[in-house]
Each structure stands twice: as structure tokens, then as C-alpha cells.
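Q: Provided herewith: my_file-v6.txt, compact mmCIF, N, CA and C atoms.
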```txt
# COMPACT_ATOMS: atom_id res chain seq x y z
N MET F 1 58.56 88.46 157.64
CA MET F 1 58.93 87.99 158.95
C MET F 1 58.31 86.63 159.22
N ARG F 2 57.05 86.46 158.88
CA ARG F 2 56.39 85.17 159.14
C ARG F 2 57.06 84.04 158.35
N ARG F 3 57.42 84.34 157.11
CA ARG F 3 58.08 83.32 156.28
C ARG F 3 59.44 82.96 156.86
N ALA F 4 60.21 83.94 157.27
CA ALA F 4 61.52 83.68 157.87
C ALA F 4 61.36 82.87 159.15
N ARG F 5 60.40 83.24 159.96
CA ARG F 5 60.17 82.51 161.22
C ARG F 5 59.78 81.07 160.95
N ALA F 6 58.95 80.84 159.96
CA ALA F 6 58.55 79.47 159.61
C ALA F 6 59.74 78.66 159.12
N LEU F 7 60.57 79.27 158.31
CA LEU F 7 61.76 78.57 157.81
C LEU F 7 62.70 78.21 158.95
N LEU F 8 62.90 79.13 159.87
CA LEU F 8 63.76 78.86 161.02
C LEU F 8 63.18 77.73 161.87
N ALA F 9 61.87 77.71 162.02
CA ALA F 9 61.21 76.65 162.78
C ALA F 9 61.39 75.29 162.12
N GLU F 10 61.51 75.29 160.81
CA GLU F 10 61.74 74.05 160.07
C GLU F 10 63.19 73.61 160.13
N GLY F 11 64.07 74.48 160.67
CA GLY F 11 65.48 74.13 160.80
C GLY F 11 66.40 74.79 159.81
N ALA F 12 65.89 75.70 158.99
CA ALA F 12 66.73 76.40 158.01
C ALA F 12 67.75 77.29 158.72
N ALA F 13 68.90 77.43 158.11
CA ALA F 13 69.92 78.33 158.63
C ALA F 13 69.42 79.77 158.47
N PRO F 14 69.83 80.66 159.37
CA PRO F 14 69.40 82.04 159.24
C PRO F 14 69.72 82.66 157.88
N SER F 15 70.85 82.33 157.30
CA SER F 15 71.20 82.88 155.99
C SER F 15 70.24 82.39 154.92
N THR F 16 69.85 81.14 154.99
CA THR F 16 68.89 80.58 154.04
C THR F 16 67.51 81.21 154.24
N ALA F 17 67.10 81.33 155.49
CA ALA F 17 65.80 81.94 155.79
C ALA F 17 65.76 83.37 155.28
N ALA F 18 66.86 84.10 155.46
CA ALA F 18 66.93 85.48 154.99
C ALA F 18 66.75 85.55 153.48
N ALA F 19 67.48 84.73 152.76
CA ALA F 19 67.42 84.75 151.30
C ALA F 19 66.02 84.36 150.80
N GLU F 20 65.47 83.29 151.37
CA GLU F 20 64.17 82.80 150.90
C GLU F 20 63.00 83.71 151.29
N ALA F 21 63.18 84.49 152.34
CA ALA F 21 62.11 85.39 152.79
C ALA F 21 62.24 86.78 152.18
N GLY F 22 63.26 86.99 151.36
CA GLY F 22 63.37 88.25 150.64
C GLY F 22 64.19 89.34 151.30
N PHE F 23 64.96 89.00 152.31
CA PHE F 23 65.82 89.99 152.95
C PHE F 23 67.11 90.14 152.15
N ALA F 24 67.74 91.29 152.28
CA ALA F 24 68.97 91.57 151.52
C ALA F 24 70.10 90.64 151.93
N ASP F 25 70.18 90.34 153.21
CA ASP F 25 71.21 89.44 153.73
C ASP F 25 70.82 89.02 155.15
N GLN F 26 71.67 88.19 155.75
CA GLN F 26 71.38 87.69 157.09
C GLN F 26 71.33 88.81 158.12
N ALA F 27 72.19 89.79 157.99
CA ALA F 27 72.21 90.91 158.94
C ALA F 27 70.88 91.69 158.89
N HIS F 28 70.35 91.86 157.70
CA HIS F 28 69.07 92.55 157.53
C HIS F 28 67.95 91.78 158.25
N LEU F 29 67.92 90.47 158.07
CA LEU F 29 66.94 89.63 158.77
C LEU F 29 67.14 89.74 160.28
N THR F 30 68.39 89.66 160.72
CA THR F 30 68.67 89.69 162.16
C THR F 30 68.18 90.98 162.80
N ARG F 31 68.42 92.10 162.14
CA ARG F 31 67.95 93.38 162.69
C ARG F 31 66.43 93.39 162.85
N TRP F 32 65.72 93.01 161.81
CA TRP F 32 64.26 93.04 161.87
C TRP F 32 63.69 91.97 162.80
N PHE F 33 64.27 90.80 162.77
CA PHE F 33 63.80 89.70 163.61
C PHE F 33 63.96 90.07 165.09
N THR F 34 65.11 90.64 165.42
CA THR F 34 65.37 91.03 166.81
C THR F 34 64.44 92.15 167.25
N ARG F 35 64.18 93.11 166.38
CA ARG F 35 63.24 94.20 166.71
C ARG F 35 61.83 93.66 166.94
N THR F 36 61.44 92.71 166.12
CA THR F 36 60.08 92.20 166.16
C THR F 36 59.86 91.19 167.28
N TYR F 37 60.79 90.24 167.42
CA TYR F 37 60.60 89.13 168.36
C TYR F 37 61.50 89.18 169.59
N ASP F 38 62.40 90.17 169.65
CA ASP F 38 63.30 90.35 170.78
C ASP F 38 64.23 89.15 171.01
N VAL F 39 64.57 88.46 169.93
CA VAL F 39 65.51 87.35 169.97
C VAL F 39 66.13 87.25 168.57
N THR F 40 67.38 86.80 168.50
CA THR F 40 68.00 86.66 167.18
C THR F 40 67.43 85.45 166.46
N PRO F 41 67.53 85.42 165.14
CA PRO F 41 67.05 84.25 164.40
C PRO F 41 67.73 82.96 164.84
N ALA F 42 69.04 83.01 165.07
CA ALA F 42 69.78 81.81 165.48
C ALA F 42 69.31 81.32 166.85
N ALA F 43 69.09 82.23 167.77
CA ALA F 43 68.62 81.84 169.10
C ALA F 43 67.21 81.26 169.02
N TYR F 44 66.38 81.85 168.20
CA TYR F 44 65.01 81.34 168.00
C TYR F 44 65.05 79.91 167.48
N ARG F 45 65.85 79.70 166.46
CA ARG F 45 65.98 78.36 165.86
C ARG F 45 66.51 77.36 166.87
N THR F 46 67.53 77.74 167.62
CA THR F 46 68.13 76.85 168.61
C THR F 46 67.13 76.49 169.70
N THR F 47 66.39 77.46 170.17
CA THR F 47 65.39 77.22 171.22
C THR F 47 64.34 76.24 170.75
N LEU F 48 63.85 76.38 169.54
CA LEU F 48 62.83 75.48 169.03
C LEU F 48 63.35 74.07 168.89
N HIS F 49 64.58 73.93 168.47
CA HIS F 49 65.11 72.59 168.25
C HIS F 49 65.50 71.90 169.56
N ARG F 50 65.83 72.66 170.57
CA ARG F 50 66.08 72.06 171.89
C ARG F 50 64.79 71.56 172.48
N GLU F 51 63.70 72.29 172.30
CA GLU F 51 62.41 71.91 172.85
C GLU F 51 61.86 70.66 172.18
N SER F 52 62.23 70.42 170.93
CA SER F 52 61.68 69.27 170.21
C SER F 52 62.46 67.98 170.48
N GLU F 53 63.55 68.08 171.19
CA GLU F 53 64.36 66.87 171.49
C GLU F 53 63.76 66.07 172.60
```
Represent the structure from my file as C-alpha cells, please.
A:
Amino acid sequence: MRRARALLAEGAAPSTAAAEAGFADQAHLTRWFTRTYDVTPAAYRTTLHRESE
């Protein structure tokens, strides 16, 4: 989860973050990410990039 979150913070697509962090697919990452952080990976990534503008 930490690796996926870091990749998303760097701007990686959720599918890329899922693959590089060892998840079976993007849906698998989305389920766990949402359970853990209460936000989807895409929403997390979007929020971080809006704040940095």
C-alpha cells in the first residue's frame, strides 16, 4: 500500500501503481486502497496534483 501510494503521489496511473506495487490488477489495488484510505487511487492522485498547482 505504501509503495502504491508513493507511486500515485509521483503521478503514476493507478494501473501502473498497481502493477509496480505487486497487486494483481487495478481493481485489486482499488479495493484495498479504498478500504485503507477511504478514497480511490484515482481520486487520491487527482487531489494531490490539484494541490500542487
Q: Rounded to one decimal place, report the atom CA of Glu51 of chain F-atom CA of Ala27 of chain F distance in Å.
A: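 The value is 25.5 Å.
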Q: What's the 7 Å shell around Arg3 of chain F, counting all atoms listed in the file, without same-chain residues fewer than 3 positions away, as a list in words?
A: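 What passes the distance filter is Ala6, Leu7, Leu8, Ala17, Glu20 and Ala21 of chain F.
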Q: Could you pull out the alpha helix (DSSP H) residues of chain F from DSSP and send them as a compact mmCIF listing (two decimals) with N, CA and C atoms, keeping the file's coordinate frame?
A:
```
# COMPACT_ATOMS: atom_id res chain seq x y z
N ARG F 2 57.05 86.46 158.88
CA ARG F 2 56.39 85.17 159.14
C ARG F 2 57.06 84.04 158.35
N ARG F 3 57.42 84.34 157.11
CA ARG F 3 58.08 83.32 156.28
C ARG F 3 59.44 82.96 156.86
N ALA F 4 60.21 83.94 157.27
CA ALA F 4 61.52 83.68 157.87
C ALA F 4 61.36 82.87 159.15
N ARG F 5 60.40 83.24 159.96
CA ARG F 5 60.17 82.51 161.22
C ARG F 5 59.78 81.07 160.95
N ALA F 6 58.95 80.84 159.96
CA ALA F 6 58.55 79.47 159.61
C ALA F 6 59.74 78.66 159.12
N LEU F 7 60.57 79.27 158.31
CA LEU F 7 61.76 78.57 157.81
C LEU F 7 62.70 78.21 158.95
N LEU F 8 62.90 79.13 159.87
CA LEU F 8 63.76 78.86 161.02
C LEU F 8 63.18 77.73 161.87
N ALA F 9 61.87 77.71 162.02
CA ALA F 9 61.21 76.65 162.78
C ALA F 9 61.39 75.29 162.12
N PRO F 14 69.83 80.66 159.37
CA PRO F 14 69.40 82.04 159.24
C PRO F 14 69.72 82.66 157.88
N SER F 15 70.85 82.33 157.30
CA SER F 15 71.20 82.88 155.99
C SER F 15 70.24 82.39 154.92
N THR F 16 69.85 81.14 154.99
CA THR F 16 68.89 80.58 154.04
C THR F 16 67.51 81.21 154.24
N ALA F 17 67.10 81.33 155.49
CA ALA F 17 65.80 81.94 155.79
C ALA F 17 65.76 83.37 155.28
N ALA F 18 66.86 84.10 155.46
CA ALA F 18 66.93 85.48 154.99
C ALA F 18 66.75 85.55 153.48
N ALA F 19 67.48 84.73 152.76
CA ALA F 19 67.42 84.75 151.30
C ALA F 19 66.02 84.36 150.80
N GLU F 20 65.47 83.29 151.37
CA GLU F 20 64.17 82.80 150.90
C GLU F 20 63.00 83.71 151.29
N GLN F 26 71.67 88.19 155.75
CA GLN F 26 71.38 87.69 157.09
C GLN F 26 71.33 88.81 158.12
N ALA F 27 72.19 89.79 157.99
CA ALA F 27 72.21 90.91 158.94
C ALA F 27 70.88 91.69 158.89
N HIS F 28 70.35 91.86 157.70
CA HIS F 28 69.07 92.55 157.53
C HIS F 28 67.95 91.78 158.25
N LEU F 29 67.92 90.47 158.07
CA LEU F 29 66.94 89.63 158.77
C LEU F 29 67.14 89.74 160.28
N THR F 30 68.39 89.66 160.72
CA THR F 30 68.67 89.69 162.16
C THR F 30 68.18 90.98 162.80
N ARG F 31 68.42 92.10 162.14
CA ARG F 31 67.95 93.38 162.69
C ARG F 31 66.43 93.39 162.85
N TRP F 32 65.72 93.01 161.81
CA TRP F 32 64.26 93.04 161.87
C TRP F 32 63.69 91.97 162.80
N PHE F 33 64.27 90.80 162.77
CA PHE F 33 63.80 89.70 163.61
C PHE F 33 63.96 90.07 165.09
N THR F 34 65.11 90.64 165.42
CA THR F 34 65.37 91.03 166.81
C THR F 34 64.44 92.15 167.25
N ARG F 35 64.18 93.11 166.38
CA ARG F 35 63.24 94.20 166.71
C ARG F 35 61.83 93.66 166.94
N THR F 36 61.44 92.71 166.12
CA THR F 36 60.08 92.20 166.16
C THR F 36 59.86 91.19 167.28
N TYR F 37 60.79 90.24 167.42
CA TYR F 37 60.60 89.13 168.36
C TYR F 37 61.50 89.18 169.59
N PRO F 41 67.53 85.42 165.14
CA PRO F 41 67.05 84.25 164.40
C PRO F 41 67.73 82.96 164.84
N ALA F 42 69.04 83.01 165.07
CA ALA F 42 69.78 81.81 165.48
C ALA F 42 69.31 81.32 166.85
N ALA F 43 69.09 82.23 167.77
CA ALA F 43 68.62 81.84 169.10
C ALA F 43 67.21 81.26 169.02
N TYR F 44 66.38 81.85 168.20
CA TYR F 44 65.01 81.34 168.00
C TYR F 44 65.05 79.91 167.48
N ARG F 45 65.85 79.70 166.46
CA ARG F 45 65.98 78.36 165.86
C ARG F 45 66.51 77.36 166.87
N THR F 46 67.53 77.74 167.62
CA THR F 46 68.13 76.85 168.61
C THR F 46 67.13 76.49 169.70
N THR F 47 66.39 77.46 170.17
CA THR F 47 65.39 77.22 171.22
C THR F 47 64.34 76.24 170.75
N LEU F 48 63.85 76.38 169.54
CA LEU F 48 62.83 75.48 169.03
C LEU F 48 63.35 74.07 168.89
N HIS F 49 64.58 73.93 168.47
CA HIS F 49 65.11 72.59 168.25
C HIS F 49 65.50 71.90 169.56
N ARG F 50 65.83 72.66 170.57
CA ARG F 50 66.08 72.06 171.89
C ARG F 50 64.79 71.56 172.48
N GLU F 51 63.70 72.29 172.30
CA GLU F 51 62.41 71.91 172.85
C GLU F 51 61.86 70.66 172.18
```
Q: May I ask which of the residues F:Ala12, F:Ala18, F:Arg50, F:Arg45 is the closest one to Thr30 of chain F, counting only C-alpha atoms?
A: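 So, comparing all the options, the nearest one is F:Ala18.
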Q: Could you give me the axis-aligned bounding box of segment 38-50 of chain F, with 8 Å of padding per side, as centre plus edge lengths in Å to one decimal, as AutoDock Vina command-line options?
A:
```
--center_x 66.1 --center_y 81.0 --center_z 168.4 --size_x 23.4 --size_y 34.8 --size_z 24.1
```
Q: Could you add all heavy atoms to segment 6-17 of chain F and give me the result as a CSV table (one decimal), in the frame of the given file?
A:
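Writing done, so here's selection.csv:
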```csv
chain,number,residue,atom,x,y,z
F,6,ALA,N,59.0,80.8,160.0
F,6,ALA,CA,58.6,79.5,159.6
F,6,ALA,C,59.7,78.7,159.1
F,6,ALA,O,59.9,77.5,159.5
F,6,ALA,CB,57.5,79.5,158.6
F,7,LEU,N,60.6,79.3,158.3
F,7,LEU,CA,61.8,78.6,157.8
F,7,LEU,C,62.7,78.2,159.0
F,7,LEU,O,63.2,77.1,159.0
F,7,LEU,CB,62.5,79.4,156.8
F,7,LEU,CG,61.8,79.6,155.4
F,7,LEU,CD1,62.3,80.7,154.6
F,7,LEU,CD2,61.8,78.2,154.6
F,8,LEU,N,62.9,79.1,159.9
F,8,LEU,CA,63.8,78.9,161.0
F,8,LEU,C,63.2,77.7,161.9
F,8,LEU,O,63.9,76.9,162.4
F,8,LEU,CB,63.9,80.1,161.9
F,8,LEU,CG,64.7,81.2,161.2
F,8,LEU,CD1,64.5,82.5,161.9
F,8,LEU,CD2,66.2,80.9,161.1
F,9,ALA,N,61.9,77.7,162.0
F,9,ALA,CA,61.2,76.6,162.8
F,9,ALA,C,61.4,75.3,162.1
F,9,ALA,O,61.4,74.3,162.8
F,9,ALA,CB,59.7,77.0,163.0
F,10,GLU,N,61.5,75.3,160.8
F,10,GLU,CA,61.7,74.0,160.1
F,10,GLU,C,63.2,73.6,160.1
F,10,GLU,O,63.5,72.5,159.7
F,10,GLU,CB,61.3,74.2,158.6
F,10,GLU,CG,59.8,74.4,158.4
F,10,GLU,CD,59.5,74.8,157.0
F,10,GLU,OE1,60.4,74.8,156.1
F,10,GLU,OE2,58.3,75.1,156.8
F,11,GLY,N,64.1,74.5,160.7
F,11,GLY,CA,65.5,74.1,160.8
F,11,GLY,C,66.4,74.8,159.8
F,11,GLY,O,67.6,74.5,159.8
F,12,ALA,N,65.9,75.7,159.0
F,12,ALA,CA,66.7,76.4,158.0
F,12,ALA,C,67.8,77.3,158.7
F,12,ALA,O,67.5,77.8,159.8
F,12,ALA,CB,65.9,77.3,157.1
F,13,ALA,N,68.9,77.4,158.1
F,13,ALA,CA,69.9,78.3,158.6
F,13,ALA,C,69.4,79.8,158.5
F,13,ALA,O,68.7,80.1,157.5
F,13,ALA,CB,71.2,78.1,157.9
F,14,PRO,N,69.8,80.7,159.4
F,14,PRO,CA,69.4,82.0,159.2
F,14,PRO,C,69.7,82.7,157.9
F,14,PRO,O,68.9,83.4,157.3
F,14,PRO,CB,70.1,82.8,160.4
F,14,PRO,CG,70.3,81.7,161.4
F,14,PRO,CD,70.6,80.4,160.6
F,15,SER,N,70.8,82.3,157.3
F,15,SER,CA,71.2,82.9,156.0
F,15,SER,C,70.2,82.4,154.9
F,15,SER,O,69.8,83.2,154.0
F,15,SER,CB,72.6,82.5,155.6
F,15,SER,OG,72.8,81.1,155.6
F,16,THR,N,69.8,81.1,155.0
F,16,THR,CA,68.9,80.6,154.0
F,16,THR,C,67.5,81.2,154.2
F,16,THR,O,66.8,81.6,153.3
F,16,THR,CB,68.8,79.1,154.2
F,16,THR,OG1,70.1,78.5,154.0
F,16,THR,CG2,67.8,78.4,153.2
F,17,ALA,N,67.1,81.3,155.5
F,17,ALA,CA,65.8,81.9,155.8
F,17,ALA,C,65.8,83.4,155.3
F,17,ALA,O,64.8,83.8,154.7
F,17,ALA,CB,65.5,81.9,157.3
```
